[in-house]
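Structure file my_file.csv (CSV, C-alpha atoms) is printed below.
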chain,number,residue,atom,x,y,z
A,1,MET,CA,122.4,-126.1,66.6
A,2,ASN,CA,125.3,-127.6,68.5
A,3,LYS,CA,125.2,-130.6,70.9
A,4,THR,CA,124.7,-128.6,74.1
A,5,GLU,CA,121.9,-126.5,72.5
A,6,LYS,CA,120.2,-129.7,71.2
A,7,LYS,CA,120.4,-131.2,74.7
A,8,LYS,CA,118.9,-128.1,76.2
A,9,GLN,CA,116.1,-128.1,73.7
A,10,ASN,CA,115.4,-131.8,74.4
A,11,ASN,CA,115.2,-131.0,78.1
A,12,LYS,CA,112.8,-128.1,77.4
A,13,ASN,CA,110.5,-130.6,75.7
A,14,TRP,CA,110.4,-132.9,78.7
A,15,TYR,CA,109.9,-129.9,81.1
A,16,PHE,CA,106.9,-128.9,79.0
A,17,LEU,CA,105.3,-132.4,79.6
A,18,LEU,CA,106.3,-132.2,83.3
A,19,ALA,CA,104.5,-128.8,83.5
A,20,VAL,CA,101.3,-130.3,82.0
A,21,ILE,CA,101.5,-133.3,84.4
A,22,ILE,CA,101.8,-130.9,87.3
A,23,ILE,CA,98.6,-129.1,86.0
A,24,TYR,CA,96.9,-132.6,86.1
A,25,VAL,CA,98.1,-133.3,89.6
A,26,VAL,CA,96.7,-129.9,90.8
A,27,ILE,CA,93.4,-130.6,89.0
A,28,ALA,CA,93.3,-134.0,90.7
A,29,PHE,CA,93.3,-132.2,94.1
A,30,LEU,CA,91.1,-129.3,93.2
A,31,LYS,CA,88.5,-130.9,90.8
A,32,PRO,CA,88.9,-134.7,91.0
A,33,ASP,CA,85.8,-135.3,89.0
A,34,ILE,CA,87.4,-133.7,85.9
A,35,LEU,CA,90.5,-136.0,86.0
A,36,MET,CA,89.0,-139.3,84.8
A,37,PRO,CA,87.0,-137.9,81.9
A,38,SER,CA,90.1,-135.9,80.7
A,39,LEU,CA,92.3,-139.0,80.9
A,40,LYS,CA,89.6,-141.1,79.1
A,41,PHE,CA,89.5,-138.4,76.3
A,42,PHE,CA,93.3,-138.5,76.2
A,43,LEU,CA,93.3,-142.2,75.6
A,44,GLU,CA,90.6,-141.9,72.9
A,45,ILE,CA,92.8,-139.4,71.1
A,46,ILE,CA,95.9,-141.6,71.4
A,47,LYS,CA,93.9,-144.6,70.0
A,48,LYS,CA,92.8,-142.4,67.1
A,49,ILE,CA,96.2,-141.0,66.2
A,50,ILE,CA,98.5,-144.0,66.7
A,51,LEU,CA,98.2,-145.2,63.1
A,52,ILE,CA,98.9,-141.6,61.8
A,53,PHE,CA,101.9,-141.5,64.1
A,54,ILE,CA,103.2,-144.6,62.5
A,55,LEU,CA,102.5,-143.2,59.0
A,56,ILE,CA,104.4,-140.0,59.8
A,57,PHE,CA,107.3,-142.1,61.1
A,58,ILE,CA,107.4,-144.0,57.8
A,59,LEU,CA,107.3,-140.7,55.9
A,60,LEU,CA,110.1,-139.4,58.0
A,61,VAL,CA,112.2,-142.5,57.2
A,62,ILE,CA,111.5,-142.1,53.4
A,63,VAL,CA,112.4,-138.4,53.6
A,64,ASN,CA,115.7,-139.1,55.4
A,65,ARG,CA,116.5,-142.0,53.2
A,66,PHE,CA,115.9,-140.6,49.8
A,67,MET,CA,116.0,-136.8,50.1
A,68,THR,CA,119.3,-134.9,50.5
A,69,PRO,CA,119.4,-131.2,51.6
A,70,LYS,CA,120.4,-130.4,48.0
A,71,LYS,CA,117.3,-132.1,46.6
A,72,PHE,CA,115.1,-130.4,49.1
A,73,ILE,CA,116.5,-127.0,48.3
A,74,LYS,CA,116.0,-127.8,44.6
A,75,TYR,CA,112.3,-128.8,45.0
A,76,PHE,CA,111.1,-126.8,48.0
A,77,GLY,CA,113.8,-124.1,48.5
A,78,LYS,CA,113.9,-120.4,47.5
A,79,LYS,CA,113.7,-121.1,43.8
A,80,SER,CA,111.1,-123.9,44.0
A,81,GLY,CA,108.5,-121.8,42.2
A,82,ALA,CA,104.9,-122.8,41.4
A,83,LYS,CA,105.6,-126.6,41.8
A,84,GLY,CA,106.6,-126.1,45.4
A,85,TRP,CA,103.4,-124.2,46.3
A,86,LEU,CA,101.3,-126.8,44.5
A,87,VAL,CA,103.0,-129.7,46.4
A,88,ALA,CA,102.4,-127.8,49.7
A,89,ILE,CA,98.7,-127.3,48.8
A,90,ILE,CA,98.2,-131.0,47.8
A,91,GLY,CA,100.3,-132.3,50.6
A,92,GLY,CA,98.4,-130.3,53.2
A,93,THR,CA,95.0,-131.3,51.7
A,94,ILE,CA,95.7,-135.1,51.6
A,95,SER,CA,97.5,-135.3,55.0
A,96,THR,CA,95.4,-136.6,57.9
A,97,GLY,CA,95.4,-136.3,61.7
A,98,PRO,CA,95.8,-133.4,64.0
A,99,LEU,CA,98.0,-130.4,63.1
A,100,PHE,CA,100.6,-131.0,65.9
A,101,LEU,CA,101.3,-134.5,64.7
A,102,TRP,CA,103.0,-133.0,61.6
A,103,TYR,CA,105.3,-130.7,63.5
A,104,PRO,CA,108.2,-133.3,63.8
A,105,LEU,CA,108.2,-134.0,60.1
A,106,LEU,CA,107.9,-130.3,59.2
A,107,ASN,CA,110.7,-129.5,61.6
A,108,ASP,CA,112.8,-132.0,59.8
A,109,LEU,CA,111.9,-130.5,56.4
A,110,LYS,CA,112.6,-127.0,57.7
A,111,ASN,CA,116.1,-128.2,58.8
A,112,HIS,CA,116.6,-129.6,55.2
A,113,GLY,CA,116.0,-126.1,53.8
A,114,VAL,CA,112.3,-126.1,52.9
A,115,ARG,CA,110.8,-122.6,52.6
A,116,THR,CA,108.8,-121.4,55.6
A,117,GLY,CA,106.1,-120.1,53.3
A,118,LEU,CA,105.5,-123.6,52.0
A,119,ILE,CA,105.3,-125.0,55.5
A,120,ALA,CA,102.7,-122.3,56.4
A,121,THR,CA,100.7,-123.1,53.2
A,122,PHE,CA,100.8,-126.9,54.0
A,123,LEU,CA,99.5,-126.2,57.5
A,124,TYR,CA,96.7,-123.9,56.3
A,125,ASN,CA,95.5,-126.5,53.8
A,126,ARG,CA,95.0,-129.1,56.6
A,127,ALA,CA,91.6,-127.5,57.0
A,128,VAL,CA,90.5,-128.8,53.5
A,129,LYS,CA,90.0,-132.6,53.9
A,130,PRO,CA,88.6,-134.6,51.0
A,131,ALA,CA,87.5,-137.4,53.3
A,132,LEU,CA,85.4,-135.0,55.4
A,133,LEU,CA,83.8,-133.1,52.5
A,134,PRO,CA,80.6,-135.3,52.5
A,135,LEU,CA,80.0,-134.4,56.1
A,136,MET,CA,80.6,-130.8,55.5
A,137,ILE,CA,78.2,-130.9,52.5
A,138,PHE,CA,75.6,-132.6,54.8
A,139,TYR,CA,75.9,-129.7,57.3
A,140,PHE,CA,76.4,-126.7,55.1
A,141,GLY,CA,75.5,-127.6,51.5
A,142,LEU,CA,77.5,-128.4,48.3
A,143,ALA,CA,78.0,-124.8,47.0
A,144,TYR,CA,79.3,-123.6,50.4
A,145,THR,CA,81.7,-126.5,50.7
A,146,ILE,CA,83.2,-126.0,47.2
A,147,VAL,CA,83.5,-122.2,47.7
A,148,LEU,CA,85.1,-122.6,51.1
A,149,ALA,CA,87.6,-125.2,49.9
A,150,VAL,CA,88.7,-123.0,46.9
A,151,VAL,CA,88.8,-119.8,49.0
A,152,MET,CA,90.9,-121.6,51.6
A,153,MET,CA,93.4,-122.9,49.0
A,154,ILE,CA,93.9,-119.4,47.6
A,155,ALA,CA,94.1,-117.9,51.1
A,156,SER,CA,96.8,-120.5,52.0
A,157,LEU,CA,99.0,-119.1,49.2
A,158,PHE,CA,98.7,-115.6,50.5
A,159,GLN,CA,99.3,-116.7,54.0
A,160,GLY,CA,102.4,-118.6,52.9
A,161,LEU,CA,103.8,-115.5,51.2
A,162,ILE,CA,103.0,-113.2,54.1
A,163,VAL,CA,104.6,-115.6,56.6
A,164,GLU,CA,107.7,-116.0,54.4
A,165,LYS,CA,107.9,-112.2,54.1
A,166,ILE,CA,107.8,-111.7,57.8
A,167,VAL,CA,109.8,-114.7,59.0
A,168,GLY,CA,112.2,-114.8,56.0
A,169,VAL,CA,113.4,-117.7,53.8
A,170,GLU,CA,115.3,-120.3,55.9
A,171,LYS,CA,118.8,-121.0,54.6
B,1,MET,CA,119.8,-153.8,55.8
B,2,ASP,CA,120.9,-151.0,53.6
B,3,LYS,CA,123.3,-148.7,55.7
B,4,LYS,CA,121.5,-145.5,54.5
B,5,LEU,CA,118.1,-147.0,55.5
B,6,LYS,CA,119.4,-147.9,58.9
B,7,HIS,CA,120.7,-144.4,59.4
B,8,ALA,CA,117.4,-142.9,58.2
B,9,ILE,CA,115.4,-145.1,60.7
B,10,LYS,CA,117.7,-144.0,63.5
B,11,LYS,CA,117.5,-140.3,62.6
B,12,SER,CA,113.7,-140.5,62.2
B,13,ALA,CA,113.3,-142.4,65.6
B,14,LYS,CA,115.4,-139.6,67.2
B,15,ALA,CA,113.2,-136.9,65.7
B,16,MET,CA,110.0,-138.6,66.9
B,17,TYR,CA,111.4,-139.2,70.4
B,18,LYS,CA,112.3,-135.5,70.6
B,19,ALA,CA,108.8,-134.5,69.7
B,20,LEU,CA,107.1,-137.1,71.9
B,21,PRO,CA,106.9,-135.1,75.2
B,22,ILE,CA,105.4,-132.1,73.3
B,23,LEU,CA,102.8,-134.2,71.5
B,24,LEU,CA,101.8,-136.0,74.7
B,25,GLY,CA,101.6,-132.6,76.6
B,26,VAL,CA,99.4,-131.0,73.9
B,27,ILE,CA,97.0,-134.0,73.8
B,28,LEU,CA,96.8,-133.9,77.6
B,29,LEU,CA,96.0,-130.1,77.4
B,30,ILE,CA,93.4,-130.6,74.7
B,31,SER,CA,91.7,-133.4,76.7
B,32,LEU,CA,91.6,-131.1,79.8
B,33,ALA,CA,90.1,-128.2,77.8
B,34,ASN,CA,87.5,-130.5,76.3
B,35,THR,CA,86.4,-131.7,79.7
B,36,LEU,CA,86.5,-128.3,81.5
B,37,ILE,CA,84.6,-126.2,78.9
B,38,PRO,CA,80.9,-127.3,78.5
B,39,LYS,CA,79.6,-127.2,74.9
B,40,SER,CA,76.6,-125.0,75.9
B,41,ILE,CA,78.8,-122.1,76.8
B,42,TYR,CA,80.0,-121.6,73.2
B,43,SER,CA,76.7,-120.4,71.7
B,44,SER,CA,76.1,-117.9,74.5
B,45,LEU,CA,79.2,-116.0,73.4
B,46,PHE,CA,77.9,-114.7,70.1
B,47,SER,CA,76.2,-111.3,69.8
B,48,LYS,CA,74.3,-111.5,66.4
B,49,ASN,CA,76.5,-108.7,65.0
B,50,ILE,CA,78.1,-110.2,61.8
B,51,PHE,CA,81.6,-108.6,62.1
B,52,LEU,CA,81.9,-109.0,65.8
B,53,ASP,CA,80.6,-112.6,65.6
B,54,SER,CA,83.1,-113.5,62.9
B,55,ILE,CA,85.9,-112.3,65.2
B,56,ILE,CA,84.3,-114.2,68.2
B,57,GLY,CA,84.0,-117.2,65.9
B,58,SER,CA,87.7,-117.0,65.0
B,59,ALA,CA,88.7,-116.5,68.6
B,60,LEU,CA,86.6,-119.5,69.8
B,61,GLY,CA,87.9,-121.7,67.0
B,62,SER,CA,91.5,-120.7,67.9
B,63,ILE,CA,91.2,-121.6,71.5
B,64,LEU,CA,89.4,-124.9,70.9
B,65,ALA,CA,91.1,-127.8,69.2
B,66,GLY,CA,90.2,-131.2,68.0
B,67,ASN,CA,88.9,-133.2,65.1
B,68,PRO,CA,87.4,-131.1,62.2
B,69,ILE,CA,84.2,-133.3,62.5
B,70,THR,CA,83.5,-131.8,65.9
B,71,SER,CA,83.8,-128.3,64.5
B,72,TYR,CA,81.2,-129.1,61.8
B,73,ILE,CA,78.8,-130.6,64.3
B,74,LEU,CA,79.2,-127.5,66.6
B,75,GLY,CA,79.0,-125.2,63.6
B,76,GLY,CA,75.7,-126.9,62.5
B,77,GLU,CA,74.3,-126.4,66.1
B,78,PHE,CA,75.3,-122.7,66.0
B,79,LEU,CA,73.5,-122.3,62.7
B,80,ASN,CA,70.4,-123.9,64.2
B,81,GLN,CA,70.6,-121.4,67.1
B,82,GLY,CA,70.5,-118.5,64.6
B,83,ILE,CA,74.2,-117.6,64.6
B,84,SER,CA,75.4,-116.1,61.3
B,85,LEU,CA,77.1,-118.2,58.6
B,86,VAL,CA,80.1,-115.8,58.6
B,87,ALA,CA,80.6,-116.5,62.3
B,88,VAL,CA,80.2,-120.2,61.9
B,89,THR,CA,82.6,-120.3,58.9
B,90,ALA,CA,85.2,-118.2,60.9
B,91,PHE,CA,84.8,-120.7,63.7
B,92,ILE,CA,85.3,-123.8,61.5
B,93,VAL,CA,88.3,-122.3,59.7
B,94,ALA,CA,90.1,-121.1,62.8
B,95,TRP,CA,89.4,-124.5,64.5
B,96,VAL,CA,91.8,-126.2,62.2
B,97,THR,CA,94.2,-123.5,61.2
B,98,VAL,CA,94.9,-121.6,64.5
B,99,GLY,CA,96.1,-123.5,67.6
B,100,ILE,CA,96.5,-121.7,70.9
B,101,VAL,CA,96.7,-125.0,72.8
B,102,GLN,CA,99.3,-126.4,70.5
B,103,LEU,CA,101.2,-123.1,70.2
B,104,PRO,CA,103.9,-124.1,72.7
B,105,ALA,CA,104.5,-127.3,70.7
B,106,GLU,CA,104.7,-125.3,67.4
B,107,ILE,CA,107.1,-122.8,69.0
B,108,MET,CA,109.4,-125.6,70.3
B,109,LEU,CA,109.4,-127.5,67.0
B,110,LEU,CA,109.1,-124.9,64.3
B,111,GLY,CA,110.4,-121.7,65.9
B,112,LYS,CA,108.9,-118.8,67.9
B,113,LYS,CA,108.8,-116.3,65.1
B,114,PHE,CA,107.3,-118.7,62.6
B,115,ALA,CA,104.7,-120.1,65.0
B,116,ILE,CA,103.5,-116.7,66.2
B,117,THR,CA,103.4,-115.2,62.7
B,118,ARG,CA,101.6,-118.2,61.3
B,119,ASN,CA,98.9,-118.3,64.0
B,120,ILE,CA,98.3,-114.5,63.9
B,121,THR,CA,98.0,-114.5,60.1
B,122,ALA,CA,95.8,-117.7,60.2
B,123,PHE,CA,93.5,-115.9,62.7
B,124,VAL,CA,93.2,-112.8,60.4
B,125,PHE,CA,92.7,-115.1,57.4
B,126,SER,CA,89.9,-117.1,59.1
B,127,THR,CA,87.8,-113.9,59.3
B,128,ILE,CA,88.6,-112.9,55.7
B,129,VAL,CA,88.0,-116.4,54.3
B,130,ALA,CA,84.7,-116.5,56.2
B,131,ILE,CA,83.5,-113.1,54.8
B,132,ILE,CA,84.6,-113.9,51.2
B,133,THR,CA,83.0,-117.4,51.3
B,134,VAL,CA,79.7,-116.2,52.6
B,135,VAL,CA,79.6,-113.3,50.1
B,136,ILE,CA,80.3,-115.7,47.1
B,137,VAL,CA,77.8,-118.3,48.4
B,138,GLY,CA,75.2,-115.5,48.7
B,139,LEU,CA,75.8,-114.6,45.0
B,140,ILE,CA,75.4,-118.1,43.7
Take the structure from the file and write it as C-alpha cells.
Amino acid sequence: MNKTEKKKQNNKNWYFLLAVIIIYVVIAFLKPDILMPSLKFFLEIIKKIILIFILIFILLVIVNRFMTPKKFIKYFGKKSGAKGWLVAIIGGTISTGPLFLWYPLLNDLKNHGVRTGLIATFLYNRAVKPALLPLMIFYFGLAYTIVLAVVMMIASLFQGLIVEKIVGVEK
Amino acid sequence: MDKKLKHAIKKSAKAMYKALPILLGVILLISLANTLIPKSIYSSLFSKNIFLDSIIGSALGSILAGNPITSYILGGEFLNQGISLVAVTAFIVAWVTVGIVQLPAEIMLLGKKFAITRNITAFVFSTIVAIITVVIVGLI
C-alpha cells in the first residue's frame, strides 16, 4: 500500500465513525429516549475494554520490537506447520476482550506475512475462554462444556484451512 | 531509550490510531443495537424445529454482539423456555465467532475477502458445531 492509498484508507476509517455519529444524531431526533441508554452502555464497554486496549498496545510494541517479517514467515508463514496452528489455537483461547479489539494486531501480523488460516483459527478460538468455563459449566453442565470446547478447537482448524483455501496464503 | 523500541512504540501507536475510529464506531453500533432490541423478542423467534432453530440460533448470535457471559445467560433463559440445546449452542457459538455489527471493521482492517469468507464459514460452522456437540453430549 503506497502513501496515498494509506491516507485514503485512514480517511475511510474516520468516515465510518462519522457515519455512525450521524446515525446517533438521527436517533436523537427520532427516538431521544434511546440515546442516553445507548451512550451509557457505550461508556460501560469503554470502561471494560480500556485495560485490554492497553494490553494489545503492549503486545503490538513487543511484536514490532522483536519480530521481523522473516521471523514471522518462519513461525507463522506458509511452512509454519503444526506449531503455527497450535499457537493460533492457544493464542485465541487465552486472549481476552471483544473480537474487534484484536483486529489492529491481527492486521499488523497479516502485514508481516502471517497465514490467513492462522488468523481465522485464532479468531474462532476466541469463543473458548478458560476464565468463563465455570460460568458455562454452571449453565450447561461439565460434559457439555468440555465437548463444546474440544469440538470448537477442532472446528477452528477446519475453518482456518477452508478460509486459507478460499482467500489464499498472503505473501 | 533503545532506538528500535522507540520505532516499535511509534509504529504501534500509529496502528492503534488508525484502528481507533473503527473500534469506536463498532462499540457505538453495539450499544445502539443493545438498547434498541428488547431481550424478550429473542425467544419468540424460535420455532421448536431443531434444524430450523439451529439456523435461527446462529443467525441471532451473528447479529447480536457482546460479552460471551451475556450469551450464556440468554442461552440459559432460552433453555428454560423449552428451546432446544442445538439452537442454544448455535446461538452461543455464533455470538462470539460471527460478527455482523463488526463486519465493516473487520473488512477495513483485515480485508473484504477474508472478512466475508471468515464470517460465512463461521456461521456454517456454528450450526455444525452445535449439532456435533449435542449429539456427543447425548451419547455420554
Compile a residue-level contact table for chain A against chain B at a cut-off of 6 Å, reporting for every qualifying residue the shortest atom pair and its distance in Å to one decimal, with only C-alpha atoms counted, rows ordered by chain and ascending number, as a Markdown table.
| residue | atom | partner | partner_atom | distance |
| --- | --- | --- | --- | --- |
| A:Asn13 | CA | B:Pro21 | CA | 5.8 |
| A:Trp14 | CA | B:Pro21 | CA | 5.4 |
| A:Leu17 | CA | B:Gly25 | CA | 4.8 |
| A:Val20 | CA | B:Gly25 | CA | 5.9 |
| A:Ser38 | CA | B:Ser31 | CA | 5.0 |
| A:Phe41 | CA | B:Ser31 | CA | 5.5 |
| A:Phe42 | CA | B:Ser31 | CA | 5.4 |
| A:Leu60 | CA | B:Ser12 | CA | 5.6 |
| A:Val61 | CA | B:Ala8 | CA | 5.3 |
| A:Asn64 | CA | B:Ala8 | CA | 5.0 |
| A:Arg65 | CA | B:Ala8 | CA | 5.2 |
| A:Asn107 | CA | B:Leu110 | CA | 5.6 |
| A:Tyr124 | CA | B:Thr97 | CA | 5.5 |
| A:Ala127 | CA | B:Val96 | CA | 5.4 |
| A:Tyr139 | CA | B:Gly76 | CA | 5.9 |
| A:Tyr144 | CA | B:Val137 | CA | 5.9 |
| A:Leu148 | CA | B:Thr133 | CA | 5.6 |
| A:Val167 | CA | B:Phe114 | CA | 5.9 |
Among listed residues B:Thr127, B:Ser62, B:Ser47, B:Thr70, nearest Ala90 (chain B) (using only C-alpha atoms):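 Among the listed residues, the smallest separation from Ala90 (chain B) belongs to B:Thr127.
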Around the point (82.5, -116.8, 64.8) in the file's coordinates, collect all residues with an atom within 9 Å, using all atoms listed in the file, and return them as a VMD selection string. chain B and resid 46 50 to 61 83 to 92 94 127 130
So which one's closest to Arg115 (chain A), A:Pro130, A:Gly168, A:Pro37, A:Pro32? Using only C-alpha atoms, please.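 Between A:Pro130, A:Gly168, A:Pro37, A:Pro32, the residue approaching Arg115 (chain A) most closely is A:Gly168.
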What is the distance between CA of Ile27 (chain A) and CA of Ser40 (chain B), in Å to one decimal? 22.0 Å
d(CA of Phe78 (chain B), CA of Ile37 (chain B)) in Å: 16.3 Å
How far is it from CA of Leu99 (chain A) to CA of Asp33 (chain A), in Å with one decimal?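 Between CA of Leu99 (chain A) and CA of Asp33 (chain A) the gap works out to 29.0 Å.
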Is it possible to get the axis-aligned box enclosing region 40-54 of chain B (all listed atoms, 4 Å extra per side) as lines of an AutoDock Vina configuration file, with centre and edge lengths in Å rounded to one decimal?
center_x = 78.7
center_y = -116.8
center_z = 69.3
size_x = 16.8
size_y = 24.4
size_z = 23.0
